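**Student:** So that you have it, the file is model-v3.cif, and it contains mmCIF, C-alpha atoms:
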```
data_target
#
loop_
_atom_site.label_atom_id
_atom_site.label_comp_id
_atom_site.auth_asym_id
_atom_site.auth_seq_id
_atom_site.Cartn_x
_atom_site.Cartn_y
_atom_site.Cartn_z
CA MET A 1 0.00 0.00 0.00
CA MET A 2 1.23 3.47 -0.78
CA THR A 3 2.05 6.03 1.90
CA THR A 4 -0.78 8.47 1.21
CA PRO A 5 -3.70 6.08 1.87
CA LEU A 6 -1.98 4.94 5.08
CA PHE A 7 -1.52 8.52 6.24
CA VAL A 8 -5.15 9.31 5.42
CA GLN A 9 -6.29 6.30 7.50
CA THR A 10 -4.04 7.31 10.39
CA TRP A 11 -5.23 10.94 10.32
CA LEU A 12 -8.90 9.94 10.10
CA GLU A 13 -8.62 7.54 13.02
CA ALA A 14 -6.77 10.06 15.18
CA ARG A 15 -9.32 12.75 14.34
CA THR A 16 -12.16 10.62 15.78
CA ARG A 17 -11.06 11.85 19.22
CA PHE A 18 -12.48 15.18 18.03
CA SER A 19 -15.21 14.22 15.57
CA ASN A 20 -16.89 11.76 17.96
CA LEU A 21 -17.53 14.62 20.42
CA LEU A 22 -19.49 16.71 17.94
CA PRO A 23 -22.79 14.84 17.40
CA THR A 24 -23.97 15.22 21.00
CA LEU A 25 -22.77 18.79 21.37
CA SER A 26 -25.49 21.27 22.27
CA GLU A 27 -25.55 25.02 21.80
CA ALA A 28 -25.49 25.36 25.60
CA ASP A 29 -22.14 23.49 25.64
CA LEU A 30 -20.35 26.02 23.44
CA PRO A 31 -19.67 28.76 26.03
CA ARG A 32 -18.64 26.22 28.70
CA LYS A 33 -15.11 26.51 30.12
CA LEU A 34 -13.04 24.83 32.78
CA THR A 35 -12.68 26.93 35.90
CA GLY A 36 -9.62 29.13 35.66
CA THR A 37 -9.20 28.73 31.89
CA ARG A 38 -9.76 31.16 29.03
CA ASN A 39 -11.07 29.08 26.14
CA SER A 40 -14.57 27.74 25.65
CA ALA A 41 -15.77 24.62 23.88
CA GLY A 42 -16.87 26.77 20.94
CA PHE A 43 -13.46 28.41 20.70
CA LEU A 44 -11.71 25.02 20.60
CA ILE A 45 -13.94 23.73 17.81
CA ARG A 46 -13.30 26.86 15.77
CA HIS A 47 -9.57 26.71 16.56
CA ILE A 48 -9.19 23.11 15.40
CA ALA A 49 -10.90 24.02 12.13
CA ASP A 50 -8.84 27.20 11.71
CA VAL A 51 -5.63 25.23 12.04
CA GLU A 52 -6.84 22.52 9.66
CA PHE A 53 -7.51 25.23 7.07
CA LEU A 54 -4.05 26.72 7.72
CA PHE A 55 -2.46 23.31 7.16
CA THR A 56 -4.47 22.86 3.96
CA LYS A 57 -3.11 26.12 2.61
CA ASN A 58 0.33 26.60 4.14
CA VAL A 59 1.62 23.06 4.64
CA PHE A 60 0.00 21.17 1.80
CA GLY A 61 -0.10 24.06 -0.67
CA ASP A 62 -3.77 24.44 -1.58
CA ASP A 63 -3.73 27.94 -3.06
CA THR A 64 -7.52 27.89 -3.48
CA CYS A 65 -8.01 27.69 0.30
CA LYS A 66 -8.96 31.04 1.76
CA VAL A 67 -8.82 31.24 5.53
CA ILE A 68 -9.03 33.91 8.18
CA ALA A 69 -7.93 32.03 11.27
CA LYS A 70 -9.79 34.14 13.81
CA THR A 71 -8.76 32.06 16.83
CA VAL A 72 -5.10 32.20 15.86
CA ILE A 73 -5.34 35.95 15.32
CA ALA A 74 -7.19 36.62 18.59
CA GLN A 75 -5.11 34.07 20.57
CA HIS A 76 -7.92 33.77 23.11
CA ASP A 77 -11.65 33.30 23.33
CA THR A 78 -13.61 36.37 22.29
CA GLY A 79 -16.97 34.80 23.10
CA GLU A 80 -18.21 34.78 19.51
CA TRP A 81 -18.16 31.02 18.84
CA ILE A 82 -21.59 30.11 20.15
CA ASN A 83 -23.55 29.09 17.05
CA ARG A 84 -23.52 25.30 16.91
CA GLN A 85 -24.49 24.88 13.26
CA GLU A 86 -22.01 27.50 12.03
CA LEU A 87 -19.21 25.81 13.97
CA LEU A 88 -20.16 22.34 12.75
CA ASP A 89 -20.36 23.56 9.14
CA TYR A 90 -17.02 25.36 9.42
CA GLN A 91 -15.23 22.39 10.93
CA GLU A 92 -16.76 20.08 8.29
CA ALA A 93 -15.47 22.36 5.53
CA ALA A 94 -12.00 22.38 7.12
CA PHE A 95 -12.06 18.59 7.44
CA ARG A 96 -13.06 18.11 3.79
CA ALA A 97 -10.46 20.60 2.53
CA LEU A 98 -7.62 19.01 4.50
CA LYS A 99 -8.68 15.47 3.57
CA ALA A 100 -8.83 16.36 -0.12
CA ILE A 101 -5.36 17.90 -0.17
CA ILE A 102 -3.80 15.07 1.86
CA GLU A 103 -5.25 12.55 -0.60
CA LYS A 104 -3.53 14.40 -3.48
CA GLN A 105 -0.03 13.96 -2.02
CA SER A 106 2.38 11.77 -3.99
CA GLU A 107 5.02 9.54 -2.43
CA ALA A 108 7.68 12.19 -3.10
CA ASP A 109 5.53 14.97 -1.59
CA TRP A 110 5.78 13.43 1.88
CA GLN A 111 9.54 14.07 1.94
CA GLN A 112 9.26 17.72 0.85
CA THR A 113 10.02 20.18 3.62
CA VAL A 114 7.77 23.00 4.75
CA SER A 115 8.50 25.77 7.19
CA ALA A 116 6.18 27.44 9.63
CA ARG A 117 6.77 29.88 12.44
CA GLU A 118 4.77 27.61 14.77
CA PHE A 119 6.83 24.44 14.25
CA GLY A 120 9.95 25.21 12.21
CA THR A 121 11.00 23.15 9.19
CA LYS A 122 9.59 19.64 8.82
CA THR A 123 8.78 17.18 6.09
CA LYS A 124 5.14 17.01 5.11
CA ALA A 125 5.01 13.61 6.82
CA GLU A 126 6.25 15.18 10.07
CA ALA A 127 3.83 18.08 9.64
CA LEU A 128 0.97 15.59 9.36
CA GLY A 129 2.03 14.28 12.75
CA ARG A 130 1.81 17.83 14.01
CA ILE A 131 -1.79 18.34 12.89
CA ILE A 132 -2.73 14.95 14.32
CA SER A 133 -1.28 15.82 17.72
CA HIS A 134 -2.74 19.35 17.61
CA THR A 135 -6.27 18.07 17.03
CA ALA A 136 -5.93 15.31 19.63
CA TYR A 137 -4.56 17.76 22.21
CA HIS A 138 -7.47 20.15 21.81
CA ALA A 139 -9.99 17.29 21.54
CA GLY A 140 -8.83 16.23 25.00
CA GLN A 141 -9.41 19.74 26.28
CA LEU A 142 -12.84 19.79 24.65
CA ALA A 143 -13.76 16.45 26.23
CA LEU A 144 -12.78 17.77 29.67
CA ILE A 145 -14.79 20.95 29.15
CA LEU A 146 -17.84 18.97 28.09
CA LYS A 147 -17.51 16.69 31.11
CA TYR A 148 -16.45 19.13 33.83
CA GLY A 149 -16.91 22.63 32.42
CA THR A 150 -19.16 25.19 33.95
CA PRO A 151 -21.84 27.04 32.04
CA ALA A 152 -21.01 30.55 30.96
CA ARG A 153 -21.72 33.07 33.64
CA ILE A 154 -22.75 36.63 33.18
CA THR A 155 -20.71 38.94 35.34
CA PRO A 156 -22.34 41.84 37.22
CA GLU A 157 -20.53 44.24 34.86
CA GLU A 158 -22.28 42.66 31.87
CA THR A 159 -25.74 43.06 33.40
CA SER A 160 -25.41 46.59 34.69
CA ILE A 161 -27.23 49.28 32.82
CA SER A 162 -25.91 52.79 32.90
CA ILE A 163 -28.49 55.49 32.74
CA PRO A 164 -27.18 58.79 31.44
#
```
Using the file provided, produce a representation of the structure as structure tokens.
**Tutor:**
Amino acid sequence: MMTTPLFVQTWLEARTRFSNLLPTLSEADLPRKLTGTRNSAGFLIRHIADVEFLFTKNVFGDDTCKVIAKTVIAQHDTGEWINRQELLDYQEAAFRALKAIIEKQSEADWQQTVSAREFGTKTKAEALGRIISHTAYHAGQLALILKYGTPARITPEETSISIP
């Protein structure tokens, strides 16, 4: 068997740590966070998809991929990732884009090097390991948030009304 189909199988299996969490996700789960942490469930879903799109474009060279990686730009949760269907659609698009470009890689492509500020210079094969571990890492965080996270709380400052 050639390398590319094996890598696709490996990536798909590893990604189930993330994708298996999504079907039971409710809109009420999206703003949940672990006590003392900054990022919500919704942020993590968006972040995983943002990084998959970045890999599609910057690592695997899909010039047709247009991405504005809002979570990477903001570097923290801004509270805007609370629409379940939008998040699920966005992550599905990222998944499909990355899968399609991985499937196009030739045997020789896997040995080509790519450079990124986030991880230095690696072969495409090594970079695939990076996206696998990135998704699994954040999927673990997401699982913990869904199990132990607290619902979003409105602070007194958010509920106060100032009367001029």
**Student:** Using all atoms listed in the file, collect all residues at a distance of at most 12 Å from (-19.8, 29.8, 14.2) as written in the file, then present them as a PDB file with C-alpha atoms, in the frame of the given file.
**Tutor:**
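Final output, out38.pdb:
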```
ATOM      1  CA  GLU A  27     -25.550  25.020  21.800  1.00  0.00           C
ATOM      2  CA  LEU A  30     -20.350  26.020  23.440  1.00  0.00           C
ATOM      3  CA  PRO A  31     -19.670  28.760  26.030  1.00  0.00           C
ATOM      4  CA  ALA A  41     -15.770  24.620  23.880  1.00  0.00           C
ATOM      5  CA  GLY A  42     -16.870  26.770  20.940  1.00  0.00           C
ATOM      6  CA  PHE A  43     -13.460  28.410  20.700  1.00  0.00           C
ATOM      7  CA  LEU A  44     -11.710  25.020  20.600  1.00  0.00           C
ATOM      8  CA  ILE A  45     -13.940  23.730  17.810  1.00  0.00           C
ATOM      9  CA  ARG A  46     -13.300  26.860  15.770  1.00  0.00           C
ATOM     10  CA  HIS A  47      -9.570  26.710  16.560  1.00  0.00           C
ATOM     11  CA  ALA A  49     -10.900  24.020  12.130  1.00  0.00           C
ATOM     12  CA  ASP A  50      -8.840  27.200  11.710  1.00  0.00           C
ATOM     13  CA  LYS A  70      -9.790  34.140  13.810  1.00  0.00           C
ATOM     14  CA  THR A  71      -8.760  32.060  16.830  1.00  0.00           C
ATOM     15  CA  GLY A  79     -16.970  34.800  23.100  1.00  0.00           C
ATOM     16  CA  GLU A  80     -18.210  34.780  19.510  1.00  0.00           C
ATOM     17  CA  TRP A  81     -18.160  31.020  18.840  1.00  0.00           C
ATOM     18  CA  ILE A  82     -21.590  30.110  20.150  1.00  0.00           C
ATOM     19  CA  ASN A  83     -23.550  29.090  17.050  1.00  0.00           C
ATOM     20  CA  ARG A  84     -23.520  25.300  16.910  1.00  0.00           C
ATOM     21  CA  GLN A  85     -24.490  24.880  13.260  1.00  0.00           C
ATOM     22  CA  GLU A  86     -22.010  27.500  12.030  1.00  0.00           C
ATOM     23  CA  LEU A  87     -19.210  25.810  13.970  1.00  0.00           C
ATOM     24  CA  LEU A  88     -20.160  22.340  12.750  1.00  0.00           C
ATOM     25  CA  ASP A  89     -20.360  23.560   9.140  1.00  0.00           C
ATOM     26  CA  TYR A  90     -17.020  25.360   9.420  1.00  0.00           C
ATOM     27  CA  GLN A  91     -15.230  22.390  10.930  1.00  0.00           C
ATOM     28  CA  GLU A  92     -16.760  20.080   8.290  1.00  0.00           C
TER      29      GLU A  92
END
```
**Student:** Could you list, as a list in words, every residue matched by the PyMOL selection byres ((chain A and resi 93-110) around 8) in this structure?
**Tutor:**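 Selection result, ordered by chain and number: Met2, Thr3, Thr4, Pro5, Val8, Ala49, Asp50, Glu52, Phe53, Phe55, Thr56, Phe60, Asp62, Cys65, Asp89, Tyr90, Gln91, Glu92, Gln111, Gln112, Thr123, Lys124 and Ala125 of chain A.
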**Student:** Quick check, in Å to one decimal: how far apart do atom CA of A:Leu12 and atom CA of A:Ser40 lie?
**Tutor:**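 Between atom CA of A:Leu12 and atom CA of A:Ser40 the gap works out to 24.3 Å.
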**Student:** Could you jot down the atom CA of A:Leu144 to atom CA of A:Gly129 separation for me, Å, one decimal place?
**Tutor:**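 Going from atom CA of A:Leu144 over to atom CA of A:Gly129 covers 22.8 Å.
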**Student:** Expressed in Å to a single decimal, how great is the separation between atom CA of A:Asp77 and atom CA of A:Asn39?
**Tutor:** 5.1 Å
**Student:** Dump as a compact mmCIF listing (two decimals) with C-alpha atoms, in the coordinates of the input all residues having an atom at most 10 Å from (-9.8, 23.9, 34.8), computed in the file's coordinates with all atoms listed in the file.
**Tutor:**
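Contents of part_7.txt, freshly written:
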```txt
# COMPACT_ATOMS: atom_id res chain seq x y z
CA LYS A 33 -15.11 26.51 30.12
CA LEU A 34 -13.04 24.83 32.78
CA THR A 35 -12.68 26.93 35.90
CA GLY A 36 -9.62 29.13 35.66
CA THR A 37 -9.20 28.73 31.89
CA ARG A 38 -9.76 31.16 29.03
CA GLN A 141 -9.41 19.74 26.28
CA LEU A 144 -12.78 17.77 29.67
CA ILE A 145 -14.79 20.95 29.15
CA TYR A 148 -16.45 19.13 33.83
CA GLY A 149 -16.91 22.63 32.42
CA THR A 150 -19.16 25.19 33.95
```
**Student:** Taking the file as shown, what set of residues would the PyMOL selection byres ((chain A and resi 19) around 12) give back, as a list in words?
**Tutor:**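 Here the PyMOL selection byres ((chain A and resi 19) around 12) matches Trp11, Leu12, Glu13, Ala14, Arg15, Thr16, Arg17, Phe18, Asn20, Leu21, Leu22, Pro23, Thr24, Leu25, Ile45, Ile48, Ala49, Leu88, Gln91, Glu92, Phe95, Thr135, Ala136, His138, Ala139, Gly140, Leu142 and Ala143 of chain A.
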**Student:** May I have the residues from that selection written out with C-alpha atoms, as a PDB file, keeping the file's coordinate frame?
**Tutor:**
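Saved result, part.pdb, follows:
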```pdb
ATOM      1  CA  TRP A  11      -5.230  10.940  10.320  1.00  0.00           C
ATOM      2  CA  LEU A  12      -8.900   9.940  10.100  1.00  0.00           C
ATOM      3  CA  GLU A  13      -8.620   7.540  13.020  1.00  0.00           C
ATOM      4  CA  ALA A  14      -6.770  10.060  15.180  1.00  0.00           C
ATOM      5  CA  ARG A  15      -9.320  12.750  14.340  1.00  0.00           C
ATOM      6  CA  THR A  16     -12.160  10.620  15.780  1.00  0.00           C
ATOM      7  CA  ARG A  17     -11.060  11.850  19.220  1.00  0.00           C
ATOM      8  CA  PHE A  18     -12.480  15.180  18.030  1.00  0.00           C
ATOM      9  CA  ASN A  20     -16.890  11.760  17.960  1.00  0.00           C
ATOM     10  CA  LEU A  21     -17.530  14.620  20.420  1.00  0.00           C
ATOM     11  CA  LEU A  22     -19.490  16.710  17.940  1.00  0.00           C
ATOM     12  CA  PRO A  23     -22.790  14.840  17.400  1.00  0.00           C
ATOM     13  CA  THR A  24     -23.970  15.220  21.000  1.00  0.00           C
ATOM     14  CA  LEU A  25     -22.770  18.790  21.370  1.00  0.00           C
ATOM     15  CA  ILE A  45     -13.940  23.730  17.810  1.00  0.00           C
ATOM     16  CA  ILE A  48      -9.190  23.110  15.400  1.00  0.00           C
ATOM     17  CA  ALA A  49     -10.900  24.020  12.130  1.00  0.00           C
ATOM     18  CA  LEU A  88     -20.160  22.340  12.750  1.00  0.00           C
ATOM     19  CA  GLN A  91     -15.230  22.390  10.930  1.00  0.00           C
ATOM     20  CA  GLU A  92     -16.760  20.080   8.290  1.00  0.00           C
ATOM     21  CA  PHE A  95     -12.060  18.590   7.440  1.00  0.00           C
ATOM     22  CA  THR A 135      -6.270  18.070  17.030  1.00  0.00           C
ATOM     23  CA  ALA A 136      -5.930  15.310  19.630  1.00  0.00           C
ATOM     24  CA  HIS A 138      -7.470  20.150  21.810  1.00  0.00           C
ATOM     25  CA  ALA A 139      -9.990  17.290  21.540  1.00  0.00           C
ATOM     26  CA  GLY A 140      -8.830  16.230  25.000  1.00  0.00           C
ATOM     27  CA  LEU A 142     -12.840  19.790  24.650  1.00  0.00           C
ATOM     28  CA  ALA A 143     -13.760  16.450  26.230  1.00  0.00           C
TER      29      ALA A 143
END
```
**Student:** Excluding same-chain residues fewer than 2 positions from A:Ser115, what lies within 10 Å of it counting all atoms listed in the file, as an mmCIF file with C-alpha atoms, keeping the file's coordinate frame?
**Tutor:**
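That gives us selection.cif:
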```
data_model
loop_
_atom_site.group_PDB
_atom_site.id
_atom_site.type_symbol
_atom_site.label_atom_id
_atom_site.label_comp_id
_atom_site.auth_asym_id
_atom_site.auth_seq_id
_atom_site.Cartn_x
_atom_site.Cartn_y
_atom_site.Cartn_z
ATOM 1 C CA ASN A 58 0.330 26.600 4.140
ATOM 2 C CA VAL A 59 1.620 23.060 4.640
ATOM 3 C CA THR A 113 10.020 20.180 3.620
ATOM 4 C CA ARG A 117 6.770 29.880 12.440
ATOM 5 C CA GLU A 118 4.770 27.610 14.770
ATOM 6 C CA PHE A 119 6.830 24.440 14.250
ATOM 7 C CA GLY A 120 9.950 25.210 12.210
ATOM 8 C CA THR A 121 11.000 23.150 9.190
ATOM 9 C CA LYS A 122 9.590 19.640 8.820
ATOM 10 C CA THR A 123 8.780 17.180 6.090
ATOM 11 C CA LYS A 124 5.140 17.010 5.110
ATOM 12 C CA ALA A 127 3.830 18.080 9.640
#
```
